[in-house]
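**Student:** Below is a structure I'd like to ask you about.
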Amino acid sequence: MSASTAANADTILSVRSLAKTYGKGLFKKSGFRALDGVSIDVGRGQVFGLLGPNGAGKTTMIKVLLGLVGRYEGEASLFGRPAGDPDSRRRVGYLPEAHRLPGYLTGRQVIRLFAMMSGLEGAEADRRMPRLLDLVGMREAADRKVREYSKGMQQRIGIAQALVHDPELVFLDEPTDGVDPVGRASIRAIVQELKARGVTVFINSHLLMEVELMCDRVVIMVQGKILREGTIADLTPRTGSVRFELREAPADLDALLAGLGSSLVRNGNTFEVKLNDAELDQTIDRLRARGLGIRAIDQRRLSLEESFIDMVRKEQR
Amino acid sequence: MNGPTMRALLLDAFYQVLDNKIFRLLLILEFGIVAAFFLVGFRETEVQVLWGAWTLPYEDVFSFFGQKLSPGSDLQGMLVQRVQSLVVETLSGSIGMIVCLSATAFFLPRMLEKGAADIVFAKPVSRFALMLSRYASGLFFVGILAVVGTFGIWLGLLVSSGYNDPGVLWGALTLVYLFGILHAFSCFVGVLTRSTVAAILMSVVFFMGTGCIHGTWTAVSWGRESEAADALRVQMEAGSGDEAADAAKAAKDAQKAEDEAPWILRALLGVLDGLHYALPKTSDADVLTRKLRKAVEGEPWRIVDDETRLSITELPGGMEVVEPKNGALHVDLGKAALVFAAREGETEKGRIQLARRTRVVERPDASGKGTRTRKLSTQQALDELVERARRAGSIVGDVTVEKTEVDGLYALAARWSEAGAQRTVHVMTFGDWIVEIDARYAADWQPPESRTRAGPPGSSARGSIEQQARHLRLFLTQVHLARQVDIPDPNTWYEKRFTWTAPLSSNIGFSIGSSLLFVVLMLGLAWWKLQKIEF
């Protein structure tokens, strides 16, 4: 199965019927099919999320686009150029999953050298350095060797090296992996800043909460195929349950709401009940008629995680 | 690839080397060795430790190693060159090379490990450039060590020993050259297997393997030529008198003997020959170093007869060149004799004269009507010479003749007395030539090196004759002949053969060219494999 997100007029990443099989060779006739006819378009300025369980083919797709993996079927292009083209790679920042930066370099040297490898002059890299180090919160530790860094610190320097040359497209493969909650919040802030600057961000992750918080559009992949795609709202449908928070819940709540909705669950001053739209209006009317104060009403939706697990299980059945 | 990218790759290579613990350790060791060259001085007659706090005469050093010394030897030069050779060629060129190979073998495999590779290879840099940067890291590694070591040794010798030998600096270049060959192989194995252990093991085995193959080839080839030379020597002693013809026959005999060897032996020799041509010439690095050093030092003083390549490498003690008068180092002994003489005031006390004439003569044939061409033997040449002296009336008393050798070549020596003088003439035949070394010593002349030694009472005349004989013998050791029977030990033999104009098997250009081609091939194969790797 393949699907395509709605193509933006300014598409910078395009994949058409992309398929990749690993380990197919002279002596290995049946290889592992990591991608199986995937089609995606990503427009400029989007924060795009690629979700999927381990082995879904997310990382393989990025590697195809960056030229790290070859011998694929279908089409893959960045900025209108074939995948792996050095000119398009110059406009891309990449933070790989479980990356290993050269341990013999300091954080500052890593950023400087990777900037130069992307075509930036060393002096220009030095000029951008303070702002970048502040952005990832590594100013203090910038002159320590990478091998002395914690995993989270390496992740931050990894992000800095991906951003130093002001790329138009940033691939972040599991960016919050190994990062503490404060660090995750700063990474989310960085992504929001990039989005505000019009940078396209392509996030690969299986940490669904992060994706839910950061991404505009999401594609869910399973076993090399696209399962669903859409906005966060598209992928997190309402459950039909409505949660009420009252100033003081009456003892006879069940009697008060008799005949309205189903599956009433009470918990202190809050309760949750399945209602349609007409029943919701009637419920509010009855509560107000009794003179009960309503603090909050919340239409319950499936979380991305619940939705994702639901979809993957259905697919794997 | 643009400028910043290239600079980034080189900087990265440099940082990687500087951070390497083995590199730092080797650098400290090297500083220790260099410091030794500052603390130990090789002076003219002795070794001085800590600027004279402790001294050791050279005679003691050489006799400790059981070496006999010839008078007038440059002991300082000999010892310094041996120590340099020990440090630069043996220590750095073999043990050091293996350590460096082991220390740098991980550079490429580590870059190709998961996690490290994708972050680097996603950059807009070609895989070939990235691979070359790791190759350059290895060259930096050895280059820095080699330059620091050789420069330090040169400076230490200059400061502490007053011995200026810039030739030692060439050692740095040949060490990098040798490492460049081995490191290319290591890079290829590193890309192929992506394993540091495999890269270390295979490159060390390769280094030792090529050394063994070239060593065996040299020994076998030397053996072949030695056999031919022995056969030639036997034939010459049998007296045909024509070295060229004898050499051709000896070579033919040797080829015949080889053709008759068992097929398995011939096949093995063929494989050995093939490997010698195909493999990079790692063993030639040492020879190149010595050749480069000689090139820097310049050719030692010697007078050469251009026609026969006969050379004199040292002046006879107490004598000077009187002919040719212009002091030319290239002479034609067939046209004018080379004359050395010792003078006291206006009186000539000693003279050694070298001359060459043809041994091809026309003689009446058996019928007595015509002539035939023939070559004079050594004996005939000597007889002619003595007869001339008799006719001139210069011979007093008997003439004694004895068989002898000059630089290993059969010769006849005739001795007789003249008025107030002793005369000794050595005659040898050499190709189409007769070479005469005619020595005349005044009876009362004592060669300079023996003047300080007073003999017992009444022994001065006899003593003078013995000293003059020793003087002549010493001079004759400085006469060298370029002949096909000159086969020294395998390494010296190979070094002598190893020239720009030699056949391919020992040609400098081919050695360097084929080795560099091997480097290109290894890096090309590594690149080809790298292109196919999916990270």
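In the structure tokens, chains take the letters A, B, ... in the order shown, each chain's residues start at 1, and ligands count up from 1 in the order shown.
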For chain A, work out the contacting residues on chain B at 10 Å, counting only C-alpha atoms, and write them as an NGL selection string.
**Tutor:** :B and (1-12 or 15-20 or 110-111 or 113-126 or 531-535)
**Student:** Can you pull out the residues contacting A:Leu35? Cut-off 8 Å, using only C-alpha atoms, and skip same-chain residues under 2 positions away; I want them as a PyMOL selection string.
**Tutor:** chain A and resi 18-21+33+37-38+56-57+60-61+223-225
**Student:** B:Val406: which residues within 10 Å, counting only C-alpha atoms, same-chain residues fewer than 6 positions away excluded, as a list in words?
**Tutor:**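 Surrounding residues, per the criterion: Leu412, His426, Val427, Met428, Arg473, Leu476, Thr477, Gln478, Val479, His480 and Leu481 of chain B.
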**Student:** Pick out each residue of stretch 124-206 of chain B that DSSP on the backbone tags as alpha helix (DSSP H); I need them as an MDAnalysis selection string.
**Tutor:** chainID B and resid 127:156 170:193 196:206
**Student:** Export, as a PDB file, in the first residue's frame, the selected residues with C-alpha atoms.
**Tutor:**
```
ATOM      1  CA  ARG B 127      33.395   9.062  -0.074  1.00  0.00           C
ATOM      2  CA  PHE B 128      36.726   9.050  -1.850  1.00  0.00           C
ATOM      3  CA  ALA B 129      37.737  12.303  -0.134  1.00  0.00           C
ATOM      4  CA  LEU B 130      36.702  10.934   3.241  1.00  0.00           C
ATOM      5  CA  MET B 131      38.711   7.775   2.640  1.00  0.00           C
ATOM      6  CA  LEU B 132      41.730   9.809   1.547  1.00  0.00           C
ATOM      7  CA  SER B 133      41.456  11.884   4.728  1.00  0.00           C
ATOM      8  CA  ARG B 134      41.886   8.705   6.801  1.00  0.00           C
ATOM      9  CA  TYR B 135      44.813   7.712   4.591  1.00  0.00           C
ATOM     10  CA  ALA B 136      46.276  11.161   5.180  1.00  0.00           C
ATOM     11  CA  SER B 137      45.820  10.683   8.940  1.00  0.00           C
ATOM     12  CA  GLY B 138      48.163   7.700   8.768  1.00  0.00           C
ATOM     13  CA  LEU B 139      50.701   9.658   6.748  1.00  0.00           C
ATOM     14  CA  PHE B 140      50.529  12.524   9.256  1.00  0.00           C
ATOM     15  CA  PHE B 141      51.051  10.031  12.050  1.00  0.00           C
ATOM     16  CA  VAL B 142      54.253   8.639  10.594  1.00  0.00           C
ATOM     17  CA  GLY B 143      55.328  11.872   8.933  1.00  0.00           C
ATOM     18  CA  ILE B 144      55.387  13.828  12.181  1.00  0.00           C
ATOM     19  CA  LEU B 145      57.279  11.073  13.987  1.00  0.00           C
ATOM     20  CA  ALA B 146      59.736  10.640  11.127  1.00  0.00           C
ATOM     21  CA  VAL B 147      60.453  14.342  10.712  1.00  0.00           C
ATOM     22  CA  VAL B 148      60.841  14.939  14.456  1.00  0.00           C
ATOM     23  CA  GLY B 149      63.100  11.879  14.760  1.00  0.00           C
ATOM     24  CA  THR B 150      65.396  12.461  11.813  1.00  0.00           C
ATOM     25  CA  PHE B 151      65.638  16.216  12.316  1.00  0.00           C
ATOM     26  CA  GLY B 152      66.338  15.708  16.021  1.00  0.00           C
ATOM     27  CA  ILE B 153      69.048  13.140  15.306  1.00  0.00           C
ATOM     28  CA  TRP B 154      70.661  15.378  12.694  1.00  0.00           C
ATOM     29  CA  LEU B 155      70.604  18.365  15.059  1.00  0.00           C
ATOM     30  CA  GLY B 156      71.868  16.287  18.002  1.00  0.00           C
ATOM     31  CA  TRP B 170      66.130  11.557   3.781  1.00  0.00           C
ATOM     32  CA  GLY B 171      65.216   8.799   6.214  1.00  0.00           C
ATOM     33  CA  ALA B 172      62.004  10.712   7.013  1.00  0.00           C
ATOM     34  CA  LEU B 173      60.946  10.680   3.381  1.00  0.00           C
ATOM     35  CA  THR B 174      61.605   6.989   2.851  1.00  0.00           C
ATOM     36  CA  LEU B 175      59.861   6.069   6.108  1.00  0.00           C
ATOM     37  CA  VAL B 176      56.747   7.933   4.965  1.00  0.00           C
ATOM     38  CA  TYR B 177      57.108   6.302   1.535  1.00  0.00           C
ATOM     39  CA  LEU B 178      57.287   2.836   3.065  1.00  0.00           C
ATOM     40  CA  PHE B 179      54.391   3.544   5.407  1.00  0.00           C
ATOM     41  CA  GLY B 180      52.386   4.992   2.531  1.00  0.00           C
ATOM     42  CA  ILE B 181      52.581   1.657   0.725  1.00  0.00           C
ATOM     43  CA  LEU B 182      51.632  -0.397   3.766  1.00  0.00           C
ATOM     44  CA  HIS B 183      48.925   1.981   4.925  1.00  0.00           C
ATOM     45  CA  ALA B 184      47.233   1.823   1.515  1.00  0.00           C
ATOM     46  CA  PHE B 185      46.979  -1.943   1.950  1.00  0.00           C
ATOM     47  CA  SER B 186      45.720  -1.459   5.505  1.00  0.00           C
ATOM     48  CA  CYS B 187      43.044   0.967   4.246  1.00  0.00           C
ATOM     49  CA  PHE B 188      41.917  -1.521   1.620  1.00  0.00           C
ATOM     50  CA  VAL B 189      41.600  -4.317   4.192  1.00  0.00           C
ATOM     51  CA  GLY B 190      39.910  -1.878   6.578  1.00  0.00           C
ATOM     52  CA  VAL B 191      37.225  -1.005   4.025  1.00  0.00           C
ATOM     53  CA  LEU B 192      36.831  -4.588   2.863  1.00  0.00           C
ATOM     54  CA  THR B 193      36.387  -6.108   6.310  1.00  0.00           C
ATOM     55  CA  THR B 196      40.479  -3.055  12.845  1.00  0.00           C
ATOM     56  CA  VAL B 197      41.894  -6.405  13.928  1.00  0.00           C
ATOM     57  CA  ALA B 198      41.841  -7.734  10.374  1.00  0.00           C
ATOM     58  CA  ALA B 199      43.472  -4.543   9.103  1.00  0.00           C
ATOM     59  CA  ILE B 200      46.285  -4.794  11.668  1.00  0.00           C
ATOM     60  CA  LEU B 201      46.937  -8.490  11.197  1.00  0.00           C
ATOM     61  CA  MET B 202      46.810  -8.496   7.425  1.00  0.00           C
ATOM     62  CA  SER B 203      48.943  -5.412   6.963  1.00  0.00           C
ATOM     63  CA  VAL B 204      51.619  -6.695   9.353  1.00  0.00           C
ATOM     64  CA  VAL B 205      51.605 -10.063   7.577  1.00  0.00           C
ATOM     65  CA  PHE B 206      51.769  -8.230   4.256  1.00  0.00           C
TER      66      PHE B 206
END
```
**Student:** Write out as a PyMOL selection string all residues of stretch 107-250 of chain A that DSSP puts in strand (DSSP E or B) for this structure's backbone.
**Tutor:** chain A and resi 145+169-173+200-205+217-222+225-231+238-246
**Student:** Keeping only N, CA and C atoms, write the selected residues as a short mmCIF file (atom, residue, chain, number, x, y, z; two decimals), in the first residue's frame.
**Tutor:**
```
data_model
loop_
_atom_site.label_atom_id
_atom_site.label_comp_id
_atom_site.auth_asym_id
_atom_site.auth_seq_id
_atom_site.Cartn_x
_atom_site.Cartn_y
_atom_site.Cartn_z
N LYS A 145 36.24 17.19 25.42
CA LYS A 145 36.24 16.17 24.36
C LYS A 145 34.87 15.47 24.32
N LEU A 169 16.45 22.11 5.20
CA LEU A 169 15.72 20.91 5.61
C LEU A 169 16.56 20.20 6.68
N VAL A 170 15.91 19.84 7.77
CA VAL A 170 16.65 19.15 8.84
C VAL A 170 15.99 17.79 9.10
N PHE A 171 16.81 16.75 9.01
CA PHE A 171 16.33 15.42 9.38
C PHE A 171 16.75 15.15 10.82
N LEU A 172 15.80 14.88 11.67
CA LEU A 172 16.13 14.53 13.06
C LEU A 172 15.63 13.12 13.30
N ASP A 173 16.58 12.21 13.44
CA ASP A 173 16.21 10.80 13.64
C ASP A 173 16.29 10.50 15.13
N THR A 200 12.23 23.42 7.03
CA THR A 200 11.44 22.19 7.05
C THR A 200 12.13 21.20 7.99
N VAL A 201 11.34 20.58 8.86
CA VAL A 201 11.91 19.63 9.81
C VAL A 201 11.25 18.28 9.59
N PHE A 202 12.09 17.28 9.42
CA PHE A 202 11.59 15.92 9.18
C PHE A 202 12.02 15.10 10.39
N ILE A 203 11.02 14.70 11.18
CA ILE A 203 11.36 14.00 12.43
C ILE A 203 10.96 12.53 12.32
N ASN A 204 11.92 11.69 12.64
CA ASN A 204 11.68 10.25 12.75
C ASN A 204 11.62 9.93 14.22
N SER A 205 10.58 9.31 14.64
CA SER A 205 10.58 9.00 16.08
C SER A 205 9.59 7.90 16.38
N ARG A 217 2.30 17.52 10.25
CA ARG A 217 1.81 16.38 9.46
C ARG A 217 2.55 15.14 9.90
N VAL A 218 1.86 14.04 9.83
CA VAL A 218 2.46 12.78 10.29
C VAL A 218 2.14 11.66 9.30
N VAL A 219 3.12 10.82 9.10
CA VAL A 219 2.91 9.59 8.32
C VAL A 219 3.23 8.42 9.23
N ILE A 220 2.35 7.45 9.25
CA ILE A 220 2.64 6.25 10.07
C ILE A 220 3.01 5.12 9.12
N MET A 221 4.18 4.55 9.39
CA MET A 221 4.67 3.45 8.54
C MET A 221 4.73 2.16 9.34
N VAL A 222 4.40 1.09 8.69
CA VAL A 222 4.55 -0.24 9.29
C VAL A 222 5.06 -1.18 8.21
N LYS A 225 5.60 0.11 4.68
CA LYS A 225 4.48 0.69 3.92
C LYS A 225 3.85 1.82 4.74
N ILE A 226 3.21 2.74 4.01
CA ILE A 226 2.51 3.83 4.71
C ILE A 226 1.13 3.32 5.14
N LEU A 227 0.85 3.49 6.42
CA LEU A 227 -0.42 3.01 6.95
C LEU A 227 -1.45 4.14 6.98
N ARG A 228 -1.04 5.26 7.53
CA ARG A 228 -1.94 6.42 7.58
C ARG A 228 -1.11 7.68 7.42
N GLU A 229 -1.73 8.72 6.99
CA GLU A 229 -1.07 10.01 6.96
C GLU A 229 -2.09 11.11 7.15
N GLY A 230 -1.63 12.23 7.68
CA GLY A 230 -2.55 13.34 7.89
C GLY A 230 -2.04 14.27 8.96
N THR A 231 -2.93 15.20 9.37
CA THR A 231 -2.55 16.10 10.46
C THR A 231 -2.74 15.35 11.78
N ARG A 238 -12.01 11.82 17.85
CA ARG A 238 -12.72 11.88 19.12
C ARG A 238 -13.16 10.48 19.50
N THR A 239 -13.18 10.26 20.82
CA THR A 239 -13.61 8.93 21.30
C THR A 239 -15.11 8.91 21.55
N GLY A 240 -15.76 10.13 21.63
CA GLY A 240 -17.17 10.21 21.98
C GLY A 240 -17.39 10.48 23.45
N SER A 241 -16.37 10.30 24.25
CA SER A 241 -16.47 10.54 25.69
C SER A 241 -16.28 12.03 25.96
N VAL A 242 -17.04 12.50 26.96
CA VAL A 242 -16.86 13.89 27.38
C VAL A 242 -16.57 13.88 28.88
N ARG A 243 -15.58 14.65 29.25
CA ARG A 243 -15.21 14.69 30.67
C ARG A 243 -15.71 16.02 31.24
N PHE A 244 -16.44 15.92 32.36
CA PHE A 244 -16.95 17.13 33.04
C PHE A 244 -16.21 17.27 34.36
N GLU A 245 -15.88 18.53 34.68
CA GLU A 245 -15.33 18.80 36.01
C GLU A 245 -16.29 19.79 36.68
N LEU A 246 -16.90 19.37 37.82
CA LEU A 246 -17.90 20.20 38.49
C LEU A 246 -17.31 20.85 39.74
#
```
**Student:** Could you check the closest approach to A:Pro181 for each of A:Pro237, A:Asn267, A:Gly152, A:Ile111 and tell me which residue wins, using only C-alpha atoms?
**Tutor:**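 Among A:Pro237, A:Asn267, A:Gly152, A:Ile111, it is A:Gly152 that comes nearest to A:Pro181.
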**Student:** Which neighbours of A:Leu13 fall inside 8 Å, counting only C-alpha atoms, when residues of the same chain fewer than 4 positions from it are skipped, and could you give them as a VMD selection string?
**Tutor:** chain A and resid 40 to 43 76 to 80
**Student:** Under the rule that only C-alpha atoms are counted, which of B:Ile434, B:Arg343, B:Gln379, B:Glu89 is the nearest residue to B:Pro448?
**Tutor:**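 Ranked by minimum distance to B:Pro448, first place goes to B:Arg343.
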**Student:** Which residues are near A:Arg286? Cut-off 12 Å, only C-alpha atoms, ignore same chain within fewer than 3 positions. Put them as a list in words.
**Tutor:**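 Residues near the query, excluding close chain neighbours: Leu253, Asp254, Ala255, Leu256, Leu257, Ala258, Gly259, Leu260, Glu279, Leu280, Asp281, Gln282, Thr283, Ala289, Arg290, Gly291, Leu292, Gly293 and Ile294 of chain A.
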**Student:** Export, as a PDB file, in the first residue's frame, the selected residues with N, CA and C atoms.
**Tutor:**
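Just written: result05.pdb:
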```pdb
ATOM      1  N   LEU A 253     -25.859  11.852  40.960  1.00  0.00           N
ATOM      2  CA  LEU A 253     -25.471  12.165  39.572  1.00  0.00           C
ATOM      3  C   LEU A 253     -26.074  11.169  38.582  1.00  0.00           C
ATOM      4  N   ASP A 254     -26.052   9.907  38.968  1.00  0.00           N
ATOM      5  CA  ASP A 254     -26.592   8.877  38.065  1.00  0.00           C
ATOM      6  C   ASP A 254     -28.072   9.167  37.750  1.00  0.00           C
ATOM      7  N   ALA A 255     -28.817   9.521  38.800  1.00  0.00           N
ATOM      8  CA  ALA A 255     -30.248   9.782  38.605  1.00  0.00           C
ATOM      9  C   ALA A 255     -30.452  11.045  37.783  1.00  0.00           C
ATOM     10  N   LEU A 256     -29.613  12.029  38.055  1.00  0.00           N
ATOM     11  CA  LEU A 256     -29.723  13.306  37.339  1.00  0.00           C
ATOM     12  C   LEU A 256     -29.528  13.125  35.831  1.00  0.00           C
ATOM     13  N   LEU A 257     -28.568  12.250  35.458  1.00  0.00           N
ATOM     14  CA  LEU A 257     -28.246  12.081  34.025  1.00  0.00           C
ATOM     15  C   LEU A 257     -28.927  10.846  33.426  1.00  0.00           C
ATOM     16  N   ALA A 258     -29.889  10.342  34.097  1.00  0.00           N
ATOM     17  CA  ALA A 258     -30.553   9.127  33.619  1.00  0.00           C
ATOM     18  C   ALA A 258     -31.096   9.340  32.208  1.00  0.00           C
ATOM     19  N   GLY A 259     -30.824   8.359  31.327  1.00  0.00           N
ATOM     20  CA  GLY A 259     -31.311   8.412  29.947  1.00  0.00           C
ATOM     21  C   GLY A 259     -30.392   9.173  29.007  1.00  0.00           C
ATOM     22  N   LEU A 260     -29.327   9.741  29.538  1.00  0.00           N
ATOM     23  CA  LEU A 260     -28.383  10.488  28.675  1.00  0.00           C
ATOM     24  C   LEU A 260     -27.066   9.709  28.556  1.00  0.00           C
ATOM     25  N   GLU A 279     -27.065  14.996  23.157  1.00  0.00           N
ATOM     26  CA  GLU A 279     -27.017  14.589  24.563  1.00  0.00           C
ATOM     27  C   GLU A 279     -26.091  15.501  25.369  1.00  0.00           C
ATOM     28  N   LEU A 280     -25.039  15.969  24.718  1.00  0.00           N
ATOM     29  CA  LEU A 280     -24.113  16.870  25.410  1.00  0.00           C
ATOM     30  C   LEU A 280     -24.851  18.144  25.828  1.00  0.00           C
ATOM     31  N   ASP A 281     -25.656  18.736  24.899  1.00  0.00           N
ATOM     32  CA  ASP A 281     -26.429  19.944  25.228  1.00  0.00           C
ATOM     33  C   ASP A 281     -27.391  19.681  26.396  1.00  0.00           C
ATOM     34  N   GLN A 282     -28.075  18.536  26.326  1.00  0.00           N
ATOM     35  CA  GLN A 282     -29.040  18.205  27.375  1.00  0.00           C
ATOM     36  C   GLN A 282     -28.349  18.014  28.714  1.00  0.00           C
ATOM     37  N   THR A 283     -27.191  17.395  28.719  1.00  0.00           N
ATOM     38  CA  THR A 283     -26.459  17.158  29.955  1.00  0.00           C
ATOM     39  C   THR A 283     -26.095  18.489  30.609  1.00  0.00           C
ATOM     40  N   ALA A 289     -29.518  23.432  35.390  1.00  0.00           N
ATOM     41  CA  ALA A 289     -30.839  23.537  36.011  1.00  0.00           C
ATOM     42  C   ALA A 289     -30.767  23.195  37.489  1.00  0.00           C
ATOM     43  N   ARG A 290     -29.921  22.251  37.846  1.00  0.00           N
ATOM     44  CA  ARG A 290     -29.767  21.875  39.255  1.00  0.00           C
ATOM     45  C   ARG A 290     -28.925  22.928  39.988  1.00  0.00           C
ATOM     46  N   GLY A 291     -28.294  23.851  39.225  1.00  0.00           N
ATOM     47  CA  GLY A 291     -27.471  24.899  39.832  1.00  0.00           C
ATOM     48  C   GLY A 291     -26.055  24.440  40.129  1.00  0.00           C
ATOM     49  N   LEU A 292     -25.617  23.397  39.428  1.00  0.00           N
ATOM     50  CA  LEU A 292     -24.246  22.896  39.646  1.00  0.00           C
ATOM     51  C   LEU A 292     -23.244  23.726  38.819  1.00  0.00           C
ATOM     52  N   GLY A 293     -22.150  24.119  39.434  1.00  0.00           N
ATOM     53  CA  GLY A 293     -21.115  24.893  38.737  1.00  0.00           C
ATOM     54  C   GLY A 293     -20.223  23.983  37.887  1.00  0.00           C
ATOM     55  N   ILE A 294     -20.068  24.351  36.595  1.00  0.00           N
ATOM     56  CA  ILE A 294     -19.227  23.526  35.696  1.00  0.00           C
ATOM     57  C   ILE A 294     -17.861  24.208  35.532  1.00  0.00           C
TER      58      ILE A 294
END
```
**Student:** Which of these, A:Val164, A:Leu235, A:Ala83, A:Glu210, has the shortest distance to A:Asp126 once you count only C-alpha atoms?
**Tutor:**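 Among the listed residues, the smallest separation from A:Asp126 belongs to A:Val164.
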**Student:** Excluding stretch 184-186 of chain A and residues on its chain fewer than 6 positions from it, collect all residues at most 12 Å away from it, counting only C-alpha atoms, and give them as a PDB file with N, CA and C atoms, in the first residue's frame.
**Tutor:**
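Dumped everything to around.pdb:
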```pdb
ATOM      1  N   ASP A 134      24.528  28.348  22.583  1.00  0.00           N
ATOM      2  CA  ASP A 134      23.464  28.788  23.494  1.00  0.00           C
ATOM      3  C   ASP A 134      22.159  28.061  23.176  1.00  0.00           C
ATOM      4  N   LEU A 135      21.901  27.921  21.896  1.00  0.00           N
ATOM      5  CA  LEU A 135      20.648  27.296  21.451  1.00  0.00           C
ATOM      6  C   LEU A 135      20.530  25.868  21.997  1.00  0.00           C
ATOM      7  N   VAL A 136      21.654  25.127  21.958  1.00  0.00           N
ATOM      8  CA  VAL A 136      21.585  23.731  22.431  1.00  0.00           C
ATOM      9  C   VAL A 136      22.047  23.613  23.886  1.00  0.00           C
ATOM     10  N   GLY A 137      22.367  24.723  24.508  1.00  0.00           N
ATOM     11  CA  GLY A 137      22.751  24.716  25.926  1.00  0.00           C
ATOM     12  C   GLY A 137      24.083  24.029  26.180  1.00  0.00           C
ATOM     13  N   MET A 138      25.057  24.256  25.303  1.00  0.00           N
ATOM     14  CA  MET A 138      26.347  23.569  25.452  1.00  0.00           C
ATOM     15  C   MET A 138      27.518  24.546  25.537  1.00  0.00           C
ATOM     16  N   GLY A 152      23.069  12.689  26.406  1.00  0.00           N
ATOM     17  CA  GLY A 152      22.266  13.875  26.120  1.00  0.00           C
ATOM     18  C   GLY A 152      23.109  15.001  25.553  1.00  0.00           C
ATOM     19  N   MET A 153      24.304  15.165  26.103  1.00  0.00           N
ATOM     20  CA  MET A 153      25.195  16.232  25.601  1.00  0.00           C
ATOM     21  C   MET A 153      25.625  15.938  24.167  1.00  0.00           C
ATOM     22  N   GLN A 155      23.897  14.365  22.072  1.00  0.00           N
ATOM     23  CA  GLN A 155      22.730  14.614  21.239  1.00  0.00           C
ATOM     24  C   GLN A 155      22.622  16.112  20.929  1.00  0.00           C
ATOM     25  N   ARG A 156      22.915  16.933  21.919  1.00  0.00           N
ATOM     26  CA  ARG A 156      22.825  18.386  21.721  1.00  0.00           C
ATOM     27  C   ARG A 156      23.873  18.873  20.716  1.00  0.00           C
ATOM     28  N   ILE A 159      22.817  17.938  17.329  1.00  0.00           N
ATOM     29  CA  ILE A 159      21.829  18.865  16.760  1.00  0.00           C
ATOM     30  C   ILE A 159      22.534  20.128  16.266  1.00  0.00           C
ATOM     31  N   GLU A 174      15.170  10.308  15.745  1.00  0.00           N
ATOM     32  CA  GLU A 174      15.055  10.106  17.193  1.00  0.00           C
ATOM     33  C   GLU A 174      15.805  11.219  17.949  1.00  0.00           C
ATOM     34  N   PRO A 175      15.382  12.453  17.784  1.00  0.00           N
ATOM     35  CA  PRO A 175      16.157  13.567  18.361  1.00  0.00           C
ATOM     36  C   PRO A 175      16.126  13.619  19.882  1.00  0.00           C
ATOM     37  N   THR A 176      15.066  13.093  20.489  1.00  0.00           N
ATOM     38  CA  THR A 176      14.972  13.210  21.949  1.00  0.00           C
ATOM     39  C   THR A 176      15.463  11.955  22.653  1.00  0.00           C
ATOM     40  N   ASP A 177      16.041  11.050  21.877  1.00  0.00           N
ATOM     41  CA  ASP A 177      16.537   9.797  22.437  1.00  0.00           C
ATOM     42  C   ASP A 177      17.639  10.084  23.468  1.00  0.00           C
ATOM     43  N   GLY A 178      17.452   9.630  24.684  1.00  0.00           N
ATOM     44  CA  GLY A 178      18.483   9.768  25.710  1.00  0.00           C
ATOM     45  C   GLY A 178      18.563  11.161  26.314  1.00  0.00           C
ATOM     46  N   GLN A 192      10.479  24.441  17.078  1.00  0.00           N
ATOM     47  CA  GLN A 192       9.522  25.536  16.861  1.00  0.00           C
ATOM     48  C   GLN A 192      10.225  26.744  16.248  1.00  0.00           C
ATOM     49  N   GLU A 193      11.460  27.000  16.703  1.00  0.00           N
ATOM     50  CA  GLU A 193      12.210  28.140  16.163  1.00  0.00           C
ATOM     51  C   GLU A 193      12.539  27.911  14.686  1.00  0.00           C
ATOM     52  N   LEU A 207       8.815   8.067  19.734  1.00  0.00           N
ATOM     53  CA  LEU A 207       8.303   8.733  20.937  1.00  0.00           C
ATOM     54  C   LEU A 207       7.132   9.609  20.506  1.00  0.00           C
ATOM     55  N   MET A 209       4.579  11.074  21.880  1.00  0.00           N
ATOM     56  CA  MET A 209       4.169  12.313  22.533  1.00  0.00           C
ATOM     57  C   MET A 209       4.944  13.507  21.957  1.00  0.00           C
ATOM     58  N   GLU A 210       6.243  13.252  21.717  1.00  0.00           N
ATOM     59  CA  GLU A 210       7.075  14.315  21.145  1.00  0.00           C
ATOM     60  C   GLU A 210       6.559  14.709  19.770  1.00  0.00           C
ATOM     61  N   VAL A 211       6.232  13.692  18.991  1.00  0.00           N
ATOM     62  CA  VAL A 211       5.758  13.956  17.632  1.00  0.00           C
ATOM     63  C   VAL A 211       4.435  14.716  17.685  1.00  0.00           C
ATOM     64  N   LEU A 213       3.436  16.705  19.881  1.00  0.00           N
ATOM     65  CA  LEU A 213       3.648  18.086  20.300  1.00  0.00           C
ATOM     66  C   LEU A 213       4.319  18.934  19.228  1.00  0.00           C
ATOM     67  N   MET A 214       5.108  18.285  18.348  1.00  0.00           N
ATOM     68  CA  MET A 214       5.930  19.075  17.423  1.00  0.00           C
ATOM     69  C   MET A 214       5.417  19.121  15.987  1.00  0.00           C
TER      70      MET A 214
END
```
**Student:** Here is a test: counting only C-alpha atoms, which residue of A:Ile187, A:Cys215, A:Ala142, A:Ala34 is nearest to A:Val47?
**Tutor:** A:Cys215
